[in-house]
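Colleague: Here's a structure for you.
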4 protein chains.
Amino acid sequence: MIKFALFGAGFIGKIHGANIAKHPQAELAYIYDVNTSAADQLAAQLGSKVASSPEEIWAADVDAVLIASSTNTHADLLNAALQASKPIYCEKPIDLDINRVKDVVQRAGQTDLPILIGFSRRFDANHLGVRHALQNGDIGKLEMMHITSRGPQPPPLSYVKVSGGQLRDQTIHFFDMLRWLAGEDPVEVYATGAALIDPAIGEAGDVDTSMIILKLASGALCHIDCSRRADYGYDERVEVFGSKGLAISDRKPRREVTLYQGGKAISDSLHPGWFERMEPTFYQALDSFIRAVQGEKTEYPTLWDGLMARMIAEAAVDSLKTNQPVKITYWSPEKINN
Amino acid sequence: MIKFALFGAGFIGKIHGANIAKHPQAELAYIYDVNTSAADQLAAQLGSKVASSPEEIWAADVDAVLIASSTNTHADLLNAALQASKPIYCEKPIDLDINRVKDVVQRAGQTDLPILIGFSRRFDANHLGVRHALQNGDIGKLEMMHITSRGPQPPPLSYVKVSGGQLRDQTIHFFDMLRWLAGEDPVEVYATGAALIDPAIGEAGDVDTSMIILKLASGALCHIDCSRRADYGYDERVEVFGSKGLAISDRKPRREVTLYQGGKAISDSLHPGWFERMEPTFYQALDSFIRAVQGEKTEYPTLWDGLMARMIAEAAVDSLKTNQPVKITYWSPEKINN
Amino acid sequence: MIKFALFGAGFIGKIHGANIAKHPQAELAYIYDVNTSAADQLAAQLGSKVASSPEEIWAADVDAVLIASSTNTHADLLNAALQASKPIYCEKPIDLDINRVKDVVQRAGQTDLPILIGFSRRFDANHLGVRHALQNGDIGKLEMMHITSRGPQPPPLSYVKVSGGQLRDQTIHFFDMLRWLAGEDPVEVYATGAALIDPAIGEAGDVDTSMIILKLASGALCHIDCSRRADYGYDERVEVFGSKGLAISDRKPRREVTLYQGGKAISDSLHPGWFERMEPTFYQALDSFIRAVQGEKTEYPTLWDGLMARMIAEAAVDSLKTNQPVKITYWSPEKINN
Amino acid sequence: MIKFALFGAGFIGKIHGANIAKHPQAELAYIYDVNTSAADQLAAQLGSKVASSPEEIWAADVDAVLIASSTNTHADLLNAALQASKPIYCEKPIDLDINRVKDVVQRAGQTDLPILIGFSRRFDANHLGVRHALQNGDIGKLEMMHITSRGPQPPPLSYVKVSGGQLRDQTIHFFDMLRWLAGEDPVEVYATGAALIDPAIGEAGDVDTSMIILKLASGALCHIDCSRRADYGYDERVEVFGSKGLAISDRKPRREVTLYQGGKAISDSLHPGWFERMEPTFYQALDSFIRAVQGEKTEYPTLWDGLMARMIAEAAVDSLKTNQPVKITYWSPEKINN
């Protein structure tokens, strides 16, 4: 049994907490949240103890930590967990300051601890199907990739302002997905976008609608489109096209119910939000992490993957500002184990 | 070039006439219709001569006849064409009086002339795909078959009264399809139905909604459902289920356009009528007939097939009346070539 | 919190136990199984006590019982629970002897206790969608219904022999579904079937492939087909056709991944078994039961529904044996509350 | 009856010739081709006269001309037809030299003759459905558009060399489609591409795989991807995304046949080539042209549309060469009627 300490008892912390409680090889030992009443409530529901401080957790007998607290606490908690030699499952992003990200990566590089960064889409059954087709040679050599992520509603303006912008906040998932699917890194990016949904997002210096083309070293082309709003639910799709065929991770309808009436066939549309669409991936990610903590060799998005996606996002933001294609420069630390 | 004489310049005669005119190996030489102005008009449009009587056609230099006149003329025209040794494409049904059908079959049995009875669904690309799957062994041994035919609107009551009833008029197509797909004949039938759409159909002694179960000699079961009305277009589907899998001839949408709006995905429904759905089969049937006239060995529904479907329909009508399963008795003439 | 006692720690008992443990308003207090090591193991996993006898449970402070033990224990446990005035969630079937079923119904009729019989398909999101369309008037007046249930593999012959036969064991779910969807009871049934998958099933006096037509009092027709095996996964579908349209609870693919390669578009097929397909319904059924126990008015399949489905099954078995349509006679006890 | 003269008896000339012959309001009077035996053969088949020179046609009593000869003859024939005041249906492209295109446009601008340029995709039922949804307000304000065109096989290298390149030859159809769907013109284009299918295409200075982002004046973004090869058939799709929803012109399968076997659902893929996919559009385009010649106000792609698409293509080629986004400059002649 892997004893977990959970940081954060908010929306995503509750999800992770319930998954830990449900997992047959895991036990939720501690919850910490600066909002103590949130921590108390979740602990009561899940049968966990409440930690009065992070320090209590570092001193306690826990086997792994799950960091689901607010973004500005991630880097400190990562460093503390590294210091305490605890395997880490950390929600994205690592930090909005890329230098702090690099610093964490450098520290982590000295260890062999499992560190999973929450790009949980890597565990989606449909996306995994596309990756399997690619790795299996079913579509031959990769030539084009499309990734779509739209909706469901723009976040509050207050969030937009501290989010780092659409490319660092929403699109970054797909910069990671592109690397994960293609098995290679993009070398150049052209990003364009506009605030078409809400002018206030534009006034805040951000975009809500964007299209991005990335070139891979192999010459393959990748297109990503992101919108902060889709009236018809959360729409995420991937297609990979190659010399031998096409593989698609398609729309996932809510139900398989169709009504034929007059001239129309009316079916259910998509899940209302990204969470309903992606919910099963959180348990799968946790399971992969737990097995890694137990010593099994599993695949998961690492701290290094988190940094790589972020470096692509930085180049994309640069392109968005300059309206020029930008070569992506990847930082190479001297020594990294992890 | 095969020179055709066409009997009938009504709705279905026009279709056949245009197809003959379009076919590179065919020529429309004569049109005959008791409605001479209909004949004149179609002849002008298609560049054909008008025959003033059927006799003019039998005396003329024509290679084949296409009988698309009203049902009560079919048997006489078939007999005359047999007498004149002309290959025949005849619309279904052969005759409402089964004894006249048997009589024609017996006469035709003395000849080797190609005679195609218009069960044109045998030429539908989707249904052919299911048949190919069956013949190919893709679904293994046949165990269950479903055939659905619904809509679009009930025919006029005047037609209902002379049609022979839903089973002889609508369902007969699917009695033929069942034989054609299964490659064997049913041995027993249970038919039930009701006038659910229009009580006047019930008062006329007919049903407008029916379900039929047929048992094949192999033990396989076949279900057919027919409705005279489908609010959402003409809905015809087939599925065959076997020891190794399932093959489906599915709904054919009018277009591949989908609108995602709010909670719904709204697509086009089916073709409005049976004719729009089945239109391409008429040309394919004609082509198969023309190649047969030219001496090629092609597959098409024969006069014998027409009789067989009719004998199933008679047993089904008997079952509908008695609410009992009925063994199907097939008439065996002494000698039949065709 | 509703304290539950669970009877049965086998396959389906484990499912129910885990759902009780997961439900925020429920607590799994006791588990009883004649196989004490199975009970011990499940109790350890779910944090429950083990009861050494059913009597211990009747004497204990429990709010509801869930009966998931073997079929031959159901009637006795139902009676004991009624005696102890405990609300009951009981897996189907109630008993293979219909007189024992009637006896239980009569006893239960004296009480107002919530009693849910495990026709859990009533909680399937797709089937609920079709029911909603019907109740909402979206398809107008019901005229035809089709229900398909196929696969995945024939049960062991030992099970076939004690199952009561395909109609009482598999098809009974769909006799219930038909009533639940149509909102009325069938008046006549014609059933036919054969042992097409395994002759040994035929030698055991049962069928593995069946087609059934039922007539409703309104004249609407219903067709059910059942097969004990489908090579391509578990295939369950419903369609309801009416005066204004068609509603379908369609195939549910495992994933939305499609590979276009050469001339083919290759997608995932269905869930491998009925359990993977139906899994979410068990939690939904439990939730409905718990809310009923808490006094809320919820919809669920009652003991009376269990009896009704069984009376249809008896008539269907009679029809299967005699190859005649059979009028369905429903037993009317003098007074039934439940 | 509109009397047509047809220039060109090659692949596409045959299509147009047969459509003219089939159209009830049209008559094919003359065919001209420098390959006189091709002209003779087609004329014999369709019952037309053969013209021994273009001059014979200009002097003859014809109501309209259809130019389907090789690209390098288009401008001269357009000019001669303008001189002779004949309505013109001309296959694309107008000319590879944009100055010659402008010259033709300027001359045509002095007249009111119907001139249709063969962007026949504007007549595709699926694409029309998407346009209708946009115009109807079904998706609200346009924000993003995607157009995909892939396959089926790269053209011969000899053709690639004289084609003007992938953007002027293949993508130009979609530059037109974008304008037609959006109802506004793009202002900036970024194009990137590579020779991923055949290095010889790269050596010839062209690409075979390209991705293009266009910005509309409204801020909406459009992405086009083109590949010269798709192993699985010709894949053309459009999707438009707006403030209220999404409309899709989806893949058009060859047939609606699906085989469920083991873990897979295997359906038909796409039409093998662009022609099979687009065939019905040619007749629709002709019909729209004929009705325009008869004085009806119909919608069709004009000479001006041909020039506009070409000006976008020129900017895209510029972007492809410089790897920079390029502002699109549209040439404004002084006076244009047509």
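Simple scheme: letters A, B, ... for chains in structure tokens order, numbers from 1 for residues in each chain, numbers from 1 for ligands in the order shown.
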From segment 180-220 of chain D, collect each residue whose DSSP state is helix (DSSP H, G or I) and return the set as a ChimeraX atom specification.

Modeller: /D:180-182,199-203

Colleague: Please, which residues of chain A lie no more than 9 Å from chain C when the count uses only C-alpha atoms, and can they be set out as a PyMOL selection string?

Modeller: chain A and resi 22+24+45+125-127+129-130+133+138-139+244-253+255-262

Colleague: To one decimal place in Å, what is the distance between atom CA of Lys321 of chain B and atom CA of Pro152 of chain B?

Modeller: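 Atom-to-atom, atom CA of Lys321 of chain B to atom CA of Pro152 of chain B, that is 25.3 Å.
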
Colleague: According to DSSP computed on the backbone, where in segment 2-231 of chain B is there strand (DSSP E)? Give the residues as a PyMOL selection string.

Modeller: chain B and resi 2-7+26-32+49-50+64-67+88-90+115-117+142-150+186-194+209-216+221-227

Colleague: Contacts of segment 72-75 of chain B at 8 Å or less, counting only C-alpha atoms, minus same-chain residues fewer than 6 places along, as a ChimeraX atom specification?

Modeller: /B:90,93-96,100-101,104

Colleague: Tell me, in Å to one decimal, how far atom CA of Met211 of chain D is from atom CA of Ile328 of chain A.

Modeller: 18.8 Å

Colleague: Which neighbours of segment 60-63 of chain A fall inside 7 Å, counting only C-alpha atoms, when residues of the same chain fewer than 3 positions from it are skipped, and could you give them as a PyMOL selection string?

Modeller: chain A and resi 2-5+56-57+86

Colleague: Do you know which residues are at most 10 Å from Glu91 of chain B counting only C-alpha atoms, after dropping those on the same chain fewer than 2 positions away, and could you put them as a ChimeraX atom specification?

Modeller: /B:12-13,66-71,74,88-89,93-94,116-120

Colleague: Given the selection you just returned, output its residues as a file containing N, CA, C and O atoms, formatted as a PDB file, in the first residue's frame.

Modeller:
ATOM      1  N   ILE B  12     -42.635   4.865 -63.584  1.00  0.00           N
ATOM      2  CA  ILE B  12     -41.524   3.919 -63.621  1.00  0.00           C
ATOM      3  C   ILE B  12     -41.069   3.674 -65.062  1.00  0.00           C
ATOM      4  O   ILE B  12     -39.893   3.405 -65.317  1.00  0.00           O
ATOM      5  N   GLY B  13     -41.998   3.803 -66.011  1.00  0.00           N
ATOM      6  CA  GLY B  13     -41.637   3.684 -67.423  1.00  0.00           C
ATOM      7  C   GLY B  13     -40.658   4.787 -67.826  1.00  0.00           C
ATOM      8  O   GLY B  13     -39.699   4.535 -68.577  1.00  0.00           O
ATOM      9  N   LEU B  66     -39.183  -4.113 -72.328  1.00  0.00           N
ATOM     10  CA  LEU B  66     -39.211  -3.735 -70.920  1.00  0.00           C
ATOM     11  C   LEU B  66     -40.661  -3.427 -70.557  1.00  0.00           C
ATOM     12  O   LEU B  66     -41.255  -2.490 -71.105  1.00  0.00           O
ATOM     13  N   ILE B  67     -41.226  -4.230 -69.665  1.00  0.00           N
ATOM     14  CA  ILE B  67     -42.641  -4.113 -69.316  1.00  0.00           C
ATOM     15  C   ILE B  67     -42.788  -3.308 -68.027  1.00  0.00           C
ATOM     16  O   ILE B  67     -42.432  -3.779 -66.942  1.00  0.00           O
ATOM     17  N   ALA B  68     -43.264  -2.077 -68.185  1.00  0.00           N
ATOM     18  CA  ALA B  68     -43.432  -1.180 -67.044  1.00  0.00           C
ATOM     19  C   ALA B  68     -44.832  -0.587 -67.058  1.00  0.00           C
ATOM     20  O   ALA B  68     -45.066   0.493 -66.531  1.00  0.00           O
ATOM     21  N   SER B  69     -45.724  -1.292 -67.667  1.00  0.00           N
ATOM     22  CA  SER B  69     -47.132  -0.862 -67.721  1.00  0.00           C
ATOM     23  C   SER B  69     -47.862  -1.306 -66.450  1.00  0.00           C
ATOM     24  O   SER B  69     -47.251  -1.852 -65.544  1.00  0.00           O
ATOM     25  N   SER B  70     -49.178  -1.124 -66.392  1.00  0.00           N
ATOM     26  CA  SER B  70     -49.883  -1.436 -65.140  1.00  0.00           C
ATOM     27  C   SER B  70     -49.916  -2.946 -64.922  1.00  0.00           C
ATOM     28  O   SER B  70     -49.846  -3.746 -65.866  1.00  0.00           O
ATOM     29  N   THR B  71     -49.998  -3.325 -63.637  1.00  0.00           N
ATOM     30  CA  THR B  71     -49.855  -4.722 -63.235  1.00  0.00           C
ATOM     31  C   THR B  71     -50.757  -5.666 -64.029  1.00  0.00           C
ATOM     32  O   THR B  71     -50.316  -6.743 -64.451  1.00  0.00           O
ATOM     33  N   HIS B  74     -49.294  -7.193 -67.209  1.00  0.00           N
ATOM     34  CA  HIS B  74     -47.999  -7.901 -67.214  1.00  0.00           C
ATOM     35  C   HIS B  74     -48.081  -9.309 -67.806  1.00  0.00           C
ATOM     36  O   HIS B  74     -47.268  -9.674 -68.660  1.00  0.00           O
ATOM     37  N   ILE B  88     -36.994 -10.394 -71.759  1.00  0.00           N
ATOM     38  CA  ILE B  88     -37.960  -9.552 -71.041  1.00  0.00           C
ATOM     39  C   ILE B  88     -37.392  -9.033 -69.722  1.00  0.00           C
ATOM     40  O   ILE B  88     -36.876  -9.808 -68.913  1.00  0.00           O
ATOM     41  N   TYR B  89     -37.548  -7.743 -69.532  1.00  0.00           N
ATOM     42  CA  TYR B  89     -37.342  -7.114 -68.213  1.00  0.00           C
ATOM     43  C   TYR B  89     -38.746  -6.697 -67.808  1.00  0.00           C
ATOM     44  O   TYR B  89     -39.348  -5.835 -68.455  1.00  0.00           O
ATOM     45  N   PRO B  93     -45.463  -6.669 -59.687  1.00  0.00           N
ATOM     46  CA  PRO B  93     -45.579  -8.132 -59.631  1.00  0.00           C
ATOM     47  C   PRO B  93     -45.943  -8.692 -60.993  1.00  0.00           C
ATOM     48  O   PRO B  93     -46.383  -7.961 -61.871  1.00  0.00           O
ATOM     49  N   ILE B  94     -45.797  -9.992 -61.123  1.00  0.00           N
ATOM     50  CA  ILE B  94     -46.110 -10.641 -62.394  1.00  0.00           C
ATOM     51  C   ILE B  94     -47.624 -10.577 -62.632  1.00  0.00           C
ATOM     52  O   ILE B  94     -48.068 -10.159 -63.683  1.00  0.00           O
ATOM     53  N   LEU B 116     -35.965 -10.962 -66.596  1.00  0.00           N
ATOM     54  CA  LEU B 116     -35.617 -10.327 -65.316  1.00  0.00           C
ATOM     55  C   LEU B 116     -36.880  -9.756 -64.697  1.00  0.00           C
ATOM     56  O   LEU B 116     -37.602  -9.002 -65.350  1.00  0.00           O
ATOM     57  N   ILE B 117     -37.155 -10.148 -63.442  1.00  0.00           N
ATOM     58  CA  ILE B 117     -38.290  -9.581 -62.709  1.00  0.00           C
ATOM     59  C   ILE B 117     -37.723  -8.486 -61.793  1.00  0.00           C
ATOM     60  O   ILE B 117     -36.707  -8.691 -61.118  1.00  0.00           O
ATOM     61  N   GLY B 118     -38.424  -7.342 -61.795  1.00  0.00           N
ATOM     62  CA  GLY B 118     -37.833  -6.140 -61.209  1.00  0.00           C
ATOM     63  C   GLY B 118     -37.660  -6.087 -59.704  1.00  0.00           C
ATOM     64  O   GLY B 118     -38.038  -5.084 -59.077  1.00  0.00           O
ATOM     65  N   PHE B 119     -37.051  -7.091 -59.095  1.00  0.00           N
ATOM     66  CA  PHE B 119     -36.634  -6.986 -57.691  1.00  0.00           C
ATOM     67  C   PHE B 119     -35.298  -6.243 -57.668  1.00  0.00           C
ATOM     68  O   PHE B 119     -34.246  -6.832 -57.425  1.00  0.00           O
ATOM     69  N   SER B 120     -35.394  -4.950 -57.929  1.00  0.00           N
ATOM     70  CA  SER B 120     -34.155  -4.223 -58.215  1.00  0.00           C
ATOM     71  C   SER B 120     -33.287  -4.019 -56.987  1.00  0.00           C
ATOM     72  O   SER B 120     -32.104  -3.717 -57.108  1.00  0.00           O
TER      73      SER B 120
END

Colleague: Got a sec: who's within 9 Å of segment 178-191 of chain A, counting only C-alpha atoms, leaving out chain neighbours fewer than 2 positions off, as an MDAnalysis selection string?

Modeller: (chainID A and resid 122 127:128 130:132 134:135 142 145 147 173:176 193 210:218 221:222 240 301 305 308:309 312 315:321 323:329) or (chainID D and resid 190)

Colleague: What does the file look like for those residues with N, CA and C atoms, as a short mmCIF file (atom, residue, chain, number, x, y, z; two decimals), in the first residue's frame?

Modeller:
data_model
loop_
_atom_site.label_atom_id
_atom_site.label_comp_id
_atom_site.auth_asym_id
_atom_site.auth_seq_id
_atom_site.Cartn_x
_atom_site.Cartn_y
_atom_site.Cartn_z
N ARG A 122 -2.50 12.06 -21.82
CA ARG A 122 -1.72 10.91 -22.30
C ARG A 122 -2.37 9.59 -21.91
N HIS A 127 -7.01 8.80 -27.40
CA HIS A 127 -5.70 9.31 -27.83
C HIS A 127 -4.65 8.18 -27.83
N LEU A 128 -4.75 7.30 -26.82
CA LEU A 128 -3.84 6.15 -26.79
C LEU A 128 -4.02 5.27 -28.02
N VAL A 130 -4.80 6.27 -31.03
CA VAL A 130 -4.09 6.92 -32.13
C VAL A 130 -2.59 6.71 -32.00
N ARG A 131 -2.10 6.83 -30.77
CA ARG A 131 -0.65 6.64 -30.58
C ARG A 131 -0.25 5.21 -30.91
N HIS A 132 -1.10 4.27 -30.51
CA HIS A 132 -0.82 2.87 -30.81
C HIS A 132 -0.75 2.66 -32.32
N LEU A 134 0.04 4.81 -34.59
CA LEU A 134 1.28 5.40 -35.09
C LEU A 134 2.49 4.49 -34.78
N GLN A 135 2.57 4.06 -33.53
CA GLN A 135 3.74 3.27 -33.13
C GLN A 135 3.75 1.91 -33.81
N LEU A 142 4.64 9.44 -40.36
CA LEU A 142 3.81 10.61 -40.01
C LEU A 142 4.09 11.78 -40.95
N MET A 145 -0.38 16.18 -38.62
CA MET A 145 -1.15 15.94 -37.40
C MET A 145 -2.05 17.14 -37.17
N ILE A 147 -4.65 18.74 -34.11
CA ILE A 147 -5.21 18.64 -32.76
C ILE A 147 -6.18 19.80 -32.58
N HIS A 173 -1.14 21.64 -23.21
CA HIS A 173 -1.50 20.21 -23.19
C HIS A 173 -1.24 19.56 -24.54
N PHE A 174 -1.43 20.34 -25.60
CA PHE A 174 -1.34 19.77 -26.94
C PHE A 174 0.07 19.87 -27.49
N PHE A 175 0.87 20.81 -26.97
CA PHE A 175 2.31 20.78 -27.27
C PHE A 175 2.88 19.48 -26.70
N ASP A 176 2.42 19.11 -25.50
CA ASP A 176 2.86 17.84 -24.93
C ASP A 176 2.33 16.67 -25.75
N GLY A 193 -3.49 34.29 -33.51
CA GLY A 193 -4.70 34.21 -32.70
C GLY A 193 -5.36 35.55 -32.56
N SER A 210 -6.99 30.45 -31.32
CA SER A 210 -5.65 30.46 -31.92
C SER A 210 -5.44 29.27 -32.84
N MET A 211 -4.58 29.50 -33.82
CA MET A 211 -4.16 28.44 -34.73
C MET A 211 -2.64 28.45 -34.77
N ILE A 212 -2.08 27.26 -34.72
CA ILE A 212 -0.63 27.13 -34.59
C ILE A 212 -0.15 26.05 -35.54
N ILE A 213 0.91 26.34 -36.29
CA ILE A 213 1.54 25.31 -37.12
C ILE A 213 2.94 25.05 -36.58
N LEU A 214 3.25 23.77 -36.37
CA LEU A 214 4.59 23.39 -35.89
C LEU A 214 5.23 22.46 -36.90
N LYS A 215 6.53 22.67 -37.13
CA LYS A 215 7.27 21.76 -38.01
C LYS A 215 8.13 20.84 -37.17
N LEU A 216 8.07 19.56 -37.50
CA LEU A 216 8.93 18.60 -36.80
C LEU A 216 10.24 18.45 -37.56
N ALA A 217 11.23 17.93 -36.89
CA ALA A 217 12.53 17.73 -37.53
C ALA A 217 12.39 16.86 -38.78
N SER A 218 11.50 15.89 -38.74
CA SER A 218 11.30 14.99 -39.88
C SER A 218 10.64 15.67 -41.06
N LEU A 221 4.24 18.10 -40.48
CA LEU A 221 3.58 19.34 -40.08
C LEU A 221 2.49 19.04 -39.06
N CYS A 222 2.36 19.91 -38.09
CA CYS A 222 1.32 19.74 -37.08
C CYS A 222 0.53 21.02 -36.93
N VAL A 240 -3.97 11.88 -37.03
CA VAL A 240 -2.61 11.75 -37.54
C VAL A 240 -2.70 11.09 -38.91
N PRO A 301 4.01 11.20 -18.17
CA PRO A 301 4.65 12.48 -18.49
C PRO A 301 5.54 12.93 -17.32
N ASP A 305 9.24 16.37 -19.49
CA ASP A 305 8.17 16.61 -20.47
C ASP A 305 7.48 17.94 -20.17
N MET A 308 9.70 20.66 -21.47
CA MET A 308 9.73 20.68 -22.94
C MET A 308 8.48 21.37 -23.50
N ALA A 309 7.30 20.98 -23.00
CA ALA A 309 6.06 21.59 -23.48
C ALA A 309 6.10 23.10 -23.22
N ILE A 312 8.21 24.93 -25.77
CA ILE A 312 7.47 25.13 -27.02
C ILE A 312 6.48 26.28 -26.84
N ALA A 315 8.14 29.66 -27.21
CA ALA A 315 8.40 30.02 -28.61
C ALA A 315 7.09 30.41 -29.30
N ALA A 316 6.01 29.70 -28.97
CA ALA A 316 4.71 30.00 -29.59
C ALA A 316 4.23 31.39 -29.17
N VAL A 317 4.41 31.73 -27.90
CA VAL A 317 4.01 33.06 -27.42
C VAL A 317 4.83 34.13 -28.15
N ASP A 318 6.10 33.86 -28.33
CA ASP A 318 6.97 34.77 -29.07
C ASP A 318 6.46 34.95 -30.50
N SER A 319 6.06 33.84 -31.15
CA SER A 319 5.54 33.91 -32.52
C SER A 319 4.23 34.70 -32.56
N LEU A 320 3.39 34.43 -31.60
CA LEU A 320 2.09 35.13 -31.53
C LEU A 320 2.30 36.64 -31.46
N LYS A 321 3.32 37.06 -30.68
CA LYS A 321 3.58 38.49 -30.51
C LYS A 321 4.19 39.12 -31.75
N ASN A 323 4.25 37.75 -34.92
CA ASN A 323 3.69 37.29 -36.20
C ASN A 323 4.78 36.77 -37.13
N GLN A 324 5.73 36.07 -36.57
CA GLN A 324 6.82 35.46 -37.33
C GLN A 324 6.96 34.00 -36.88
N PRO A 325 7.34 33.10 -37.79
CA PRO A 325 7.69 31.75 -37.34
C PRO A 325 8.92 31.84 -36.44
N VAL A 326 8.96 31.06 -35.40
CA VAL A 326 10.05 31.11 -34.41
C VAL A 326 10.68 29.73 -34.25
N LYS A 327 12.01 29.69 -34.34
CA LYS A 327 12.72 28.42 -34.07
C LYS A 327 12.61 28.13 -32.57
N ILE A 328 12.38 26.90 -32.24
CA ILE A 328 12.24 26.54 -30.81
C ILE A 328 13.61 26.17 -30.27
N THR A 329 14.03 26.87 -29.19
CA THR A 329 15.31 26.51 -28.57
C THR A 329 15.02 25.77 -27.28
N TYR D 190 -0.19 32.60 -44.27
CA TYR D 190 1.08 31.95 -43.94
C TYR D 190 1.00 30.53 -44.46
#
